[in-house]
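One file, data14.cif, is given below (mmCIF, C-alpha atoms).
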data_model
#
loop_
_atom_site.label_atom_id
_atom_site.label_comp_id
_atom_site.auth_asym_id
_atom_site.auth_seq_id
_atom_site.Cartn_x
_atom_site.Cartn_y
_atom_site.Cartn_z
CA MET V 1471 -38.18 -36.37 -9.41
CA ASP V 1472 -36.00 -36.12 -6.30
CA LYS V 1473 -37.22 -38.32 -3.47
CA ILE V 1474 -37.51 -35.71 -0.74
CA PHE V 1475 -39.55 -37.63 1.85
CA ASN V 1476 -36.61 -39.60 3.27
CA ASN V 1477 -34.97 -36.49 4.77
CA THR V 1478 -35.55 -37.15 8.48
CA GLN V 1479 -33.45 -34.18 9.61
CA VAL V 1480 -36.00 -31.84 8.02
CA ALA V 1481 -38.97 -34.06 8.99
CA PHE V 1482 -38.20 -34.03 12.72
CA SER V 1483 -36.42 -30.69 13.01
CA LEU V 1484 -38.96 -29.44 15.58
CA LYS V 1485 -38.86 -32.56 17.74
CA SER V 1486 -36.59 -32.80 20.76
CA ASP V 1487 -34.93 -36.14 21.54
CA THR V 1488 -37.54 -36.72 24.26
CA GLU V 1489 -40.42 -36.03 21.84
CA LEU V 1490 -38.84 -38.35 19.29
CA ASP V 1491 -38.58 -41.09 21.92
CA ARG V 1492 -42.25 -40.58 22.85
CA ALA V 1493 -43.28 -40.81 19.18
CA TYR V 1494 -41.31 -44.06 18.84
CA PHE V 1495 -42.98 -45.48 21.94
CA LEU V 1496 -46.48 -44.52 20.73
CA PHE V 1497 -46.11 -45.92 17.22
CA LYS V 1498 -44.59 -49.10 18.67
CA LEU V 1499 -47.77 -49.52 20.73
CA ILE V 1500 -50.03 -48.68 17.78
CA ASP V 1501 -48.16 -51.25 15.67
CA SER V 1502 -49.72 -53.98 17.81
CA GLN V 1503 -53.42 -54.66 17.15
CA PRO V 1504 -54.00 -56.51 20.45
CA LEU V 1505 -52.42 -53.64 22.39
CA VAL V 1506 -54.57 -51.07 20.59
CA ARG V 1507 -57.72 -53.08 21.38
CA ILE V 1508 -56.75 -53.51 25.05
CA GLY V 1509 -55.61 -49.88 25.38
CA THR V 1510 -58.86 -48.64 23.83
CA ALA V 1511 -61.00 -50.73 26.19
CA VAL V 1512 -59.01 -49.71 29.28
CA THR V 1513 -59.06 -46.02 28.30
CA ASN V 1514 -62.81 -46.06 27.65
CA PHE V 1515 -63.41 -47.77 30.99
CA ALA V 1516 -61.15 -45.32 32.87
CA ILE V 1517 -62.88 -42.29 31.36
CA LYS V 1518 -66.41 -43.63 31.98
CA ALA V 1519 -65.46 -44.51 35.56
CA HIS V 1520 -64.01 -40.99 35.99
CA LEU V 1521 -60.62 -42.35 36.99
CA PRO V 1522 -57.84 -39.72 37.07
CA VAL V 1523 -56.18 -40.68 33.78
CA GLU V 1524 -56.36 -37.36 31.94
CA GLY V 1525 -52.85 -36.34 32.98
CA LEU V 1526 -51.37 -39.56 31.59
CA ILE V 1527 -53.38 -39.32 28.36
CA ARG V 1528 -52.42 -35.66 27.97
CA ALA V 1529 -48.70 -36.37 28.42
CA THR V 1530 -48.64 -39.21 25.88
CA VAL V 1531 -51.11 -39.81 23.06
CA PHE V 1532 -53.00 -36.49 23.38
CA ASP V 1533 -49.96 -34.21 23.11
CA HIS V 1534 -48.63 -36.23 20.18
CA PHE V 1535 -51.81 -36.08 18.07
CA CYS V 1536 -53.51 -32.88 19.39
CA GLY V 1537 -52.63 -29.21 19.61
CA GLY V 1538 -54.24 -28.54 23.00
CA VAL V 1539 -57.46 -28.45 25.00
CA SER V 1540 -58.59 -25.09 23.58
CA GLU V 1541 -57.98 -22.95 20.51
CA ASN V 1542 -55.66 -20.65 22.50
CA ASP V 1543 -53.78 -23.66 23.84
CA CYS V 1544 -52.92 -24.55 20.21
CA LEU V 1545 -51.22 -21.26 19.35
CA PRO V 1546 -47.67 -22.16 20.53
CA VAL V 1547 -47.86 -25.31 18.34
CA VAL V 1548 -49.25 -23.27 15.41
CA ASP V 1549 -46.46 -20.70 15.69
CA LYS V 1550 -43.76 -23.34 16.09
CA MET V 1551 -44.84 -25.29 12.98
CA PHE V 1552 -45.08 -22.10 10.95
CA THR V 1553 -41.38 -21.37 11.59
CA LYS V 1554 -40.83 -24.29 9.19
CA GLY V 1555 -43.49 -23.14 6.72
CA VAL V 1556 -46.14 -25.65 7.84
CA SER V 1557 -49.58 -24.09 8.37
CA SER V 1558 -52.36 -25.31 10.68
CA VAL V 1559 -56.05 -26.15 10.42
CA LEU V 1560 -57.62 -25.86 13.88
CA ASP V 1561 -59.94 -28.85 14.14
CA TYR V 1562 -62.40 -28.94 17.04
CA SER V 1563 -62.43 -32.73 17.37
CA VAL V 1564 -65.33 -33.28 19.75
CA GLU V 1565 -67.46 -36.05 18.25
CA GLY V 1566 -70.75 -37.82 18.81
CA LYS V 1567 -72.81 -34.95 20.25
CA GLU V 1568 -76.57 -35.05 19.68
CA GLU V 1569 -78.15 -31.99 21.32
CA GLU V 1570 -79.05 -28.57 19.93
CA ALA V 1571 -76.99 -26.74 22.55
CA GLN V 1572 -73.93 -28.79 21.56
CA PHE V 1573 -74.48 -28.05 17.86
CA ASP V 1574 -74.70 -24.35 18.67
CA ALA V 1575 -71.49 -24.62 20.71
CA ALA V 1576 -69.75 -26.27 17.72
CA LEU V 1577 -70.97 -23.42 15.51
CA GLU V 1578 -69.56 -20.82 17.92
CA MET V 1579 -66.23 -22.66 18.06
CA THR V 1580 -66.05 -22.83 14.25
CA LEU V 1581 -66.77 -19.09 14.02
CA LYS V 1582 -63.98 -18.50 16.54
CA THR V 1583 -61.51 -20.53 14.45
CA ILE V 1584 -62.52 -18.48 11.38
CA ASP V 1585 -61.61 -15.35 13.36
CA PHE V 1586 -58.26 -16.93 14.24
CA ALA V 1587 -57.67 -17.78 10.58
CA GLU V 1588 -58.49 -14.23 9.51
CA GLU V 1589 -55.90 -12.88 11.95
CA LYS V 1590 -53.10 -15.40 11.42
CA LYS V 1591 -51.40 -16.24 8.14
CA SER V 1592 -50.36 -19.54 9.74
CA ILE V 1593 -54.03 -20.70 9.82
CA PRO V 1594 -55.25 -20.62 6.18
CA PHE V 1595 -58.35 -22.81 6.68
CA ALA V 1596 -61.17 -23.42 9.16
CA VAL V 1597 -62.98 -26.77 9.35
CA PHE V 1598 -66.07 -28.51 10.74
CA LYS V 1599 -67.91 -31.84 10.48
CA PRO V 1600 -71.51 -31.92 9.21
CA THR V 1601 -72.56 -33.94 12.28
CA GLY V 1602 -71.06 -31.20 14.44
CA PHE V 1603 -74.00 -29.06 13.28
CA GLY V 1604 -76.85 -31.60 13.25
CA ARG V 1605 -77.94 -35.12 14.10
CA PHE V 1606 -76.59 -38.00 12.03
CA GLU V 1607 -80.07 -39.57 11.72
CA LEU V 1608 -81.44 -36.37 10.21
CA TYR V 1609 -78.87 -36.40 7.39
CA GLU V 1610 -79.51 -40.12 6.93
CA LYS V 1611 -83.28 -39.70 6.64
CA LEU V 1612 -82.93 -36.88 4.10
CA GLY V 1613 -80.33 -38.80 2.10
CA GLU V 1614 -82.72 -41.74 1.84
CA GLY V 1615 -85.42 -39.42 0.44
CA GLN V 1616 -87.70 -39.79 3.45
CA THR V 1617 -90.10 -36.98 4.34
CA LEU V 1618 -89.27 -35.15 7.54
CA ASN V 1619 -92.05 -34.49 10.03
CA THR V 1620 -92.74 -30.92 11.17
CA GLU V 1621 -90.38 -31.11 14.13
CA GLU V 1622 -87.59 -32.68 12.07
CA GLN V 1623 -88.03 -30.09 9.32
CA ALA V 1624 -87.60 -27.30 11.87
CA GLU V 1625 -84.51 -29.09 13.16
CA TRP V 1626 -83.10 -29.41 9.62
CA ASN V 1627 -83.76 -25.72 8.99
CA ARG V 1628 -81.53 -24.97 11.99
CA VAL V 1629 -78.79 -27.20 10.50
CA VAL V 1630 -79.01 -25.30 7.21
CA GLU V 1631 -78.87 -22.02 9.11
CA ARG V 1632 -75.69 -23.09 10.96
CA PHE V 1633 -74.05 -24.03 7.65
CA ASP V 1634 -75.07 -20.71 6.16
CA ILE V 1635 -73.84 -18.65 9.12
CA VAL V 1636 -70.42 -20.27 9.06
CA CYS V 1637 -70.03 -20.22 5.26
CA LYS V 1638 -71.04 -16.55 5.13
CA ALA V 1639 -68.52 -15.70 7.86
CA ALA V 1640 -65.79 -17.56 5.94
CA HIS V 1641 -66.73 -15.73 2.74
CA ASP V 1642 -66.87 -12.30 4.40
CA LYS V 1643 -63.49 -12.83 6.09
CA ASP V 1644 -61.90 -14.51 3.05
CA VAL V 1645 -61.06 -17.71 4.94
CA ALA V 1646 -61.24 -21.06 3.14
CA LEU V 1647 -63.55 -23.51 4.94
CA LEU V 1648 -63.13 -27.30 4.83
CA ILE V 1649 -66.20 -29.45 5.50
CA ASP V 1650 -65.24 -32.99 6.43
CA GLY V 1651 -66.71 -36.15 4.89
CA GLU V 1652 -68.48 -38.80 6.96
CA GLU V 1653 -70.27 -42.13 6.48
CA SER V 1654 -71.78 -42.73 3.03
CA TRP V 1655 -75.34 -43.25 4.31
CA MET V 1656 -75.51 -39.66 5.62
CA GLN V 1657 -73.23 -38.05 3.04
CA ASP V 1658 -75.79 -37.44 0.25
CA ALA V 1659 -77.69 -34.89 2.33
CA ALA V 1660 -74.43 -33.23 3.41
CA ASP V 1661 -73.20 -33.13 -0.22
CA ASP V 1662 -76.39 -31.42 -1.38
CA LEU V 1663 -76.16 -28.84 1.37
CA VAL V 1664 -72.46 -28.13 0.74
CA ALA V 1665 -73.15 -27.77 -3.01
CA GLU V 1666 -75.77 -25.14 -2.15
CA MET V 1667 -73.20 -23.30 -0.03
CA MET V 1668 -70.65 -23.46 -2.88
CA LYS V 1669 -73.25 -22.06 -5.27
CA LYS V 1670 -73.90 -19.19 -2.86
CA TYR V 1671 -70.40 -18.37 -1.58
CA ASN V 1672 -67.94 -19.62 -4.23
CA LYS V 1673 -68.85 -17.09 -6.92
CA GLU V 1674 -65.39 -15.43 -7.02
CA LYS V 1675 -63.19 -18.32 -5.87
CA ALA V 1676 -63.30 -21.50 -3.78
CA ILE V 1677 -64.13 -20.60 -0.17
CA VAL V 1678 -66.32 -23.58 0.76
CA PHE V 1679 -64.61 -27.00 0.35
CA ASN V 1680 -66.39 -30.34 0.48
CA THR V 1681 -64.56 -33.65 1.07
CA LEU V 1682 -64.38 -36.62 -1.30
CA GLN V 1683 -63.51 -39.97 0.28
CA MET V 1684 -61.87 -41.74 -2.63
CA TYR V 1685 -62.22 -45.27 -1.27
CA ARG V 1686 -65.78 -44.81 -2.53
CA TRP V 1687 -65.89 -45.88 -6.17
CA ASP V 1688 -68.61 -43.34 -7.05
CA ARG V 1689 -66.77 -40.18 -5.99
CA LEU V 1690 -65.03 -39.26 -9.26
CA ASP V 1691 -68.39 -39.42 -11.04
CA TYR V 1692 -69.84 -37.20 -8.32
CA LEU V 1693 -67.03 -34.68 -8.85
CA LYS V 1694 -67.66 -34.61 -12.62
CA LYS V 1695 -71.39 -34.03 -12.10
CA LEU V 1696 -70.66 -31.24 -9.61
CA HIS V 1697 -68.32 -29.71 -12.19
CA GLU V 1698 -71.16 -29.62 -14.73
CA GLN V 1699 -73.38 -27.97 -12.13
CA ALA V 1700 -70.62 -25.44 -11.33
CA LYS V 1701 -70.27 -24.52 -15.02
CA GLN V 1702 -74.01 -24.10 -15.32
CA ASP V 1703 -74.48 -22.08 -12.12
CA GLY V 1704 -71.20 -20.16 -12.23
CA PHE V 1705 -69.37 -21.18 -9.07
CA TYR V 1706 -65.93 -22.51 -8.12
CA ILE V 1707 -65.32 -25.94 -6.58
CA GLY V 1708 -63.20 -26.45 -3.48
CA MET V 1709 -62.49 -30.08 -2.66
CA LYS V 1710 -60.49 -31.91 -0.04
CA LEU V 1711 -59.46 -35.32 -1.39
CA VAL V 1712 -58.81 -38.13 1.09
CA ARG V 1713 -58.79 -41.88 0.81
CA GLY V 1714 -61.34 -42.33 3.62
CA ALA V 1715 -61.78 -43.07 7.30
CA TYR V 1716 -64.75 -45.42 7.81
CA MET V 1717 -63.92 -48.45 5.67
CA GLU V 1718 -64.62 -51.29 8.11
CA LYS V 1719 -67.89 -49.67 9.21
CA GLU V 1720 -68.94 -49.12 5.57
CA ILE V 1721 -68.26 -52.72 4.51
CA LYS V 1722 -69.96 -54.17 7.59
CA ARG V 1723 -73.14 -52.10 7.11
CA ALA V 1724 -73.36 -52.99 3.40
CA GLU V 1725 -73.12 -56.70 4.30
CA GLU V 1726 -75.72 -56.44 7.07
CA LYS V 1727 -78.23 -54.52 4.96
CA GLY V 1728 -77.55 -56.41 1.74
CA TYR V 1729 -76.57 -53.59 -0.62
CA PRO V 1730 -73.42 -53.35 -2.79
CA SER V 1731 -70.43 -52.02 -0.88
CA PRO V 1732 -69.67 -48.37 -1.69
CA ILE V 1733 -65.97 -49.10 -1.12
CA CYS V 1734 -63.49 -49.87 -3.93
CA ALA V 1735 -62.77 -53.59 -4.20
CA THR V 1736 -59.01 -53.21 -3.60
CA LYS V 1737 -56.47 -50.80 -2.13
CA GLU V 1738 -55.03 -50.39 -5.65
CA ALA V 1739 -58.46 -49.33 -6.98
CA THR V 1740 -58.68 -46.71 -4.20
CA ASP V 1741 -55.22 -45.39 -5.09
CA GLU V 1742 -56.16 -45.18 -8.78
CA ASN V 1743 -59.42 -43.42 -7.90
CA TYR V 1744 -57.59 -40.89 -5.71
CA ASP V 1745 -54.92 -40.13 -8.30
CA ALA V 1746 -57.46 -39.90 -11.15
CA SER V 1747 -59.42 -37.31 -9.18
CA VAL V 1748 -56.27 -35.27 -8.56
CA VAL V 1749 -55.53 -35.36 -12.31
CA TYR V 1750 -59.11 -34.27 -13.10
CA MET V 1751 -58.91 -31.35 -10.67
CA VAL V 1752 -55.51 -30.18 -11.92
CA GLU V 1753 -56.84 -30.30 -15.49
CA HIS V 1754 -59.68 -27.97 -14.40
CA LEU V 1755 -57.73 -25.82 -11.97
CA GLU V 1756 -59.18 -22.66 -13.50
CA LYS V 1757 -62.44 -23.51 -11.65
CA MET V 1758 -61.19 -25.74 -8.83
CA SER V 1759 -59.03 -25.69 -5.70
CA ILE V 1760 -57.51 -28.84 -4.20
CA PHE V 1761 -56.69 -29.76 -0.62
CA ALA V 1762 -54.85 -33.06 -1.11
CA GLY V 1763 -55.26 -34.75 2.26
CA THR V 1764 -52.92 -37.70 2.02
CA HIS V 1765 -50.27 -39.60 3.96
CA ASN V 1766 -49.35 -41.47 0.79
CA GLU V 1767 -45.92 -40.58 -0.55
CA LEU V 1768 -46.61 -41.78 -4.10
CA SER V 1769 -49.77 -39.67 -4.41
CA SER V 1770 -47.86 -36.66 -3.10
CA TYR V 1771 -45.08 -37.18 -5.66
CA LYS V 1772 -47.69 -37.57 -8.42
CA LEU V 1773 -49.31 -34.23 -7.56
CA MET V 1774 -45.91 -32.54 -7.38
CA ASP V 1775 -45.14 -34.01 -10.81
CA LEU V 1776 -48.47 -32.82 -12.25
CA MET V 1777 -47.73 -29.31 -11.00
CA ARG V 1778 -44.29 -29.38 -12.65
CA ILE V 1779 -45.61 -30.73 -15.98
CA ASN V 1780 -48.39 -28.11 -16.05
CA ASN V 1781 -46.06 -25.24 -15.05
CA ILE V 1782 -48.00 -24.59 -11.83
CA VAL V 1783 -45.88 -22.74 -9.30
CA LYS V 1784 -45.25 -24.63 -6.06
CA ASN V 1785 -47.06 -22.10 -3.89
CA ASP V 1786 -50.14 -21.68 -6.12
CA ASP V 1787 -52.86 -21.03 -3.54
CA ARG V 1788 -55.31 -23.34 -5.35
CA ILE V 1789 -53.25 -26.41 -4.36
CA TRP V 1790 -52.58 -27.44 -0.76
CA PHE V 1791 -51.16 -30.63 0.70
CA GLY V 1792 -52.52 -31.73 4.08
CA GLN V 1793 -51.63 -34.26 6.76
CA LEU V 1794 -52.72 -34.92 10.33
CA TYR V 1795 -50.70 -33.53 13.24
CA GLY V 1796 -48.48 -36.21 14.74
CA MET V 1797 -48.25 -38.21 11.50
CA SER V 1798 -46.26 -38.14 8.23
CA ASP V 1799 -43.96 -35.30 9.28
CA ASN V 1800 -41.59 -36.55 6.59
CA ILE V 1801 -44.16 -35.49 3.98
CA SER V 1802 -45.34 -32.24 5.59
CA TYR V 1803 -42.02 -30.68 6.53
CA ASN V 1804 -40.16 -31.73 3.41
CA LEU V 1805 -42.94 -30.35 1.19
CA ALA V 1806 -42.81 -27.05 3.09
CA GLU V 1807 -39.01 -27.00 2.91
CA ASN V 1808 -39.35 -27.31 -0.88
CA GLY V 1809 -41.81 -24.43 -1.21
CA TYR V 1810 -45.21 -26.17 -1.41
CA ASN V 1811 -48.35 -25.14 0.50
CA VAL V 1812 -48.80 -27.52 3.44
CA ALA V 1813 -51.25 -27.53 6.34
CA LYS V 1814 -51.53 -29.92 9.27
CA TYR V 1815 -54.93 -30.74 10.77
CA LEU V 1816 -54.46 -29.74 14.42
CA PRO V 1817 -57.18 -31.36 16.58
CA PHE V 1818 -58.11 -29.74 19.89
CA GLY V 1819 -60.71 -30.00 22.64
CA PRO V 1820 -61.10 -31.27 26.22
CA VAL V 1821 -59.15 -34.50 26.73
CA ARG V 1822 -62.22 -36.60 27.52
CA ASP V 1823 -64.22 -35.26 24.58
CA VAL V 1824 -61.37 -35.82 22.09
CA MET V 1825 -60.82 -39.46 23.10
CA PRO V 1826 -63.17 -40.91 20.39
CA TYR V 1827 -61.04 -39.07 17.79
CA LEU V 1828 -57.78 -40.37 19.30
CA ILE V 1829 -59.08 -43.94 19.48
CA ARG V 1830 -60.09 -43.77 15.81
CA ARG V 1831 -56.60 -42.48 14.94
CA ALA V 1832 -54.98 -45.44 16.71
CA GLU V 1833 -57.34 -47.95 15.07
CA GLU V 1834 -56.82 -46.43 11.61
CA ASN V 1835 -53.04 -46.54 12.00
CA THR V 1836 -53.27 -50.18 12.99
CA SER V 1837 -55.47 -51.06 9.99
CA VAL V 1838 -53.56 -49.11 7.30
CA ALA V 1839 -50.87 -51.45 6.04
CA GLY V 1840 -47.39 -49.99 6.25
CA GLN V 1841 -48.36 -46.63 7.80
CA THR V 1842 -47.08 -47.33 11.33
CA SER V 1843 -44.00 -49.27 10.23
CA ARG V 1844 -43.06 -46.38 7.94
CA GLU V 1845 -43.34 -43.94 10.87
CA LEU V 1846 -41.19 -46.24 13.02
CA THR V 1847 -38.52 -46.60 10.33
CA LEU V 1848 -38.25 -42.84 9.89
CA ILE V 1849 -38.06 -42.19 13.64
CA LYS V 1850 -35.38 -44.90 14.03
CA THR V 1851 -33.39 -43.36 11.15
CA GLU V 1852 -33.50 -39.92 12.78
CA ARG V 1853 -32.56 -41.26 16.23
CA ASN V 1854 -29.56 -43.00 14.69
CA ARG V 1855 -28.61 -39.89 12.74
CA ARG V 1856 -28.61 -37.82 15.93
CA LYS V 1857 -26.46 -40.41 17.66
CA GLY V 1858 -24.02 -40.29 14.75
CA LYS V 1859 -24.59 -43.91 13.74
#
Using the file provided, produce a representation of the structure as structure tokens.
Amino acid sequence: MDKIFNNTQVAFSLKSDTELDRAYFLFKLIDSQPLVRIGTAVTNFAIKAHLPVEGLIRATVFDHFCGGVSENDCLPVVDKMFTKGVSSVLDYSVEGKEEEAQFDAALEMTLKTIDFAEEKKSIPFAVFKPTGFGRFELYEKLGEGQTLNTEEQAEWNRVVERFDIVCKAAHDKDVALLIDGEESWMQDAADDLVAEMMKKYNKEKAIVFNTLQMYRWDRLDYLKKLHEQAKQDGFYIGMKLVRGAYMEKEIKRAEEKGYPSPICATKEATDENYDASVVYMVEHLEKMSIFAGTHNELSSYKLMDLMRINNIVKNDDRIWFGQLYGMSDNISYNLAENGYNVAKYLPFGPVRDVMPYLIRRAEENTSVAGQTSRELTLIKTERNRRKGK
């Protein structure tokens, strides 16, 4: 198969020289673990002390990794990317909220993004996080099989209602809905709830998508069991496949509490788990839809190859590739250029509220071997190409 991901002219076709220089500067900073740690601490302090740093954050890291401060603010970015065939997933990236009013606000924002998606071909999916709709501890308690007290049960009923409202809206407006994965010790309760939503709203096709974090060694087995349930109950499965985002936290908690780590023993085992799940889903595409969320070039090539071997057309709407905005443009834009379905997660929200997301992005980039150096190499190649070197 042709190696398409080295084409930097296509990858950075929307970036001006100034934007390319900013990207180089940012990834150079992220490449240094001490700088990321210091930068994170200083940023957190500045925000908590209400120092006037929002302008600086907005002009650098925020504008590189986020679409804007509101859903409307994102539209110029959405339209610009779509000129190159790259779609958007508007992701309201406000994290760590704990109050009912904030959960209701997240519900309203998700409903608004579903309306956007219904109106614009460039926005094929909506998305939300389970903890955007309810307290983490509530999911955790349920997942551990504990009995909720009367007040907690009423609270959980409201969480279920929020899920149902948003899944029904997605179904009625024919908009696919991605539900993100989170930490393993709250995920069981979220999985059960999402499976109920699939059973209810995925009768004709996959509308509701769960997320499998494939650095967990149990996820392929979970997918196979869900497939059996889907055959029995007559519904379609939508699944976003990612490697995972909470590895250090997962390993640390398992050590502290003395249970076996849910994380694959090696990076290679995670890669094998991810690719095996893609193979399984392609083999059962008649009842499944895949959102392959990956920044891994080899996994992307493997899925492209599977599609070719199985005579699946490149733009089959049951298979999407996804990357995060501000990262892996070499994968996103080259896939789109070659006719595949591609969508970028486009985070948005007030600068202060989105900072936990941005800090996690920086820390993840620092911890994923090779990710940042690959970005830097590609940016350098494109800068040299533009200078005629």
Could you check which of V:Ile1707, V:Ala1715, V:Val1548, V:Leu1794 is closest to V:Ile1593, using only C-alpha atoms?
->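 Counting only C-alpha atoms, the residue closest to V:Ile1593 is V:Val1548.
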Residues near V:Leu1755, cut-off 12 Å, all atoms listed in the file, skip fewer than 6 positions along chain, as a PDB file with C-alpha atoms, in the frame of the given file:
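This went into result.pdb:
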ATOM      1  CA  LYS V1675     -63.190 -18.320  -5.870  1.00  0.00           C
ATOM      2  CA  ALA V1676     -63.300 -21.500  -3.780  1.00  0.00           C
ATOM      3  CA  HIS V1697     -68.320 -29.710 -12.190  1.00  0.00           C
ATOM      4  CA  TYR V1706     -65.930 -22.510  -8.120  1.00  0.00           C
ATOM      5  CA  ILE V1707     -65.320 -25.940  -6.580  1.00  0.00           C
ATOM      6  CA  GLY V1708     -63.200 -26.450  -3.480  1.00  0.00           C
ATOM      7  CA  MET V1709     -62.490 -30.080  -2.660  1.00  0.00           C
ATOM      8  CA  SER V1747     -59.420 -37.310  -9.180  1.00  0.00           C
ATOM      9  CA  VAL V1748     -56.270 -35.270  -8.560  1.00  0.00           C
ATOM     10  CA  VAL V1749     -55.530 -35.360 -12.310  1.00  0.00           C
ATOM     11  CA  LEU V1776     -48.470 -32.820 -12.250  1.00  0.00           C
ATOM     12  CA  MET V1777     -47.730 -29.310 -11.000  1.00  0.00           C
ATOM     13  CA  ASN V1780     -48.390 -28.110 -16.050  1.00  0.00           C
ATOM     14  CA  ILE V1782     -48.000 -24.590 -11.830  1.00  0.00           C
ATOM     15  CA  ASP V1786     -50.140 -21.680  -6.120  1.00  0.00           C
ATOM     16  CA  ASP V1787     -52.860 -21.030  -3.540  1.00  0.00           C
ATOM     17  CA  ARG V1788     -55.310 -23.340  -5.350  1.00  0.00           C
ATOM     18  CA  ILE V1789     -53.250 -26.410  -4.360  1.00  0.00           C
TER      19      ILE V1789
END
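All residues of protein, DNA or RNA that reach within 10 Å of V:Thr1553, judged by all atoms listed in the file and not counting those fewer than 4 positions away in the chain, are Leu1484, Val1548, Asp1549, Ser1557 and Ser1592 of chain V.
Considering all atoms listed in the file, the residue among V:Leu1805, V:Ala1659, V:Val1783, V:Leu1816 positioned nearest to V:Gly1613 is V:Ala1659.
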Apply the PyMOL selection byres ((chain V and resi 1594-1600) around 9) to the file shown and report the selected residues as a ChimeraX atom specification.
-> /V:1557-1563,1565,1576-1577,1580-1581,1583-1584,1586-1588,1590-1593,1601-1606,1609,1629,1633,1640,1645-1652,1657,1660,1813
Evaluate the PyMOL selection byres ((chain V and resi 1761-1771) around 8) on the structure here and hand back the selected residues as a short mmCIF file (atom, residue, chain, number, x, y, z; two decimals) with C-alpha atoms, in the coordinates of the input.
data_model
loop_
_atom_site.label_atom_id
_atom_site.label_comp_id
_atom_site.auth_asym_id
_atom_site.auth_seq_id
_atom_site.Cartn_x
_atom_site.Cartn_y
_atom_site.Cartn_z
CA MET V 1471 -38.18 -36.37 -9.41
CA PHE V 1475 -39.55 -37.63 1.85
CA GLY V 1708 -63.20 -26.45 -3.48
CA MET V 1709 -62.49 -30.08 -2.66
CA LYS V 1710 -60.49 -31.91 -0.04
CA LEU V 1711 -59.46 -35.32 -1.39
CA VAL V 1712 -58.81 -38.13 1.09
CA ARG V 1713 -58.79 -41.88 0.81
CA ASP V 1741 -55.22 -45.39 -5.09
CA ASP V 1745 -54.92 -40.13 -8.30
CA VAL V 1748 -56.27 -35.27 -8.56
CA SER V 1759 -59.03 -25.69 -5.70
CA ILE V 1760 -57.51 -28.84 -4.20
CA LYS V 1772 -47.69 -37.57 -8.42
CA LEU V 1773 -49.31 -34.23 -7.56
CA MET V 1774 -45.91 -32.54 -7.38
CA ASP V 1775 -45.14 -34.01 -10.81
CA ILE V 1789 -53.25 -26.41 -4.36
CA TRP V 1790 -52.58 -27.44 -0.76
CA PHE V 1791 -51.16 -30.63 0.70
CA GLY V 1792 -52.52 -31.73 4.08
CA GLN V 1793 -51.63 -34.26 6.76
CA MET V 1797 -48.25 -38.21 11.50
CA SER V 1798 -46.26 -38.14 8.23
CA ILE V 1801 -44.16 -35.49 3.98
#
In terms of all atoms listed in the file, the residue from V:Cys1637, V:Ala1624, V:Leu1612, V:Leu1618 at minimal distance from V:Glu1570 is V:Ala1624
Could you tell me which residues the PyMOL selection byres ((chain V and resi 1655) around 12) grabs in this file, written as a PyMOL selection string?
-> chain V and resi 1606-1615+1651-1654+1656-1661+1686+1716+1719-1721+1723-1724+1727+1729+1731-1732
Provide the atom CA of V:Asn1476 to atom CA of V:Gly1555 distance in Å, to one decimal place.
->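 Going from atom CA of V:Asn1476 over to atom CA of V:Gly1555, I get 18.2 Å.
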By how many Å are atom CA of V:Asn1854 and atom CA of V:Arg1528 apart?
->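 Interatomic distance here is 27.4 Å.
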May I ask for the distance between atom CA of V:Val1556 and atom CA of V:Asp1543, given in Å to one decimal place?
->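 Separating atom CA of V:Val1556 from atom CA of V:Asp1543 is a distance of 17.8 Å.
Distances to V:Phe1497 were evaluated for V:Val1564, V:Val1531, V:Ala1639, V:Val1480 using only C-alpha atoms, and the minimum falls at V:Val1531.
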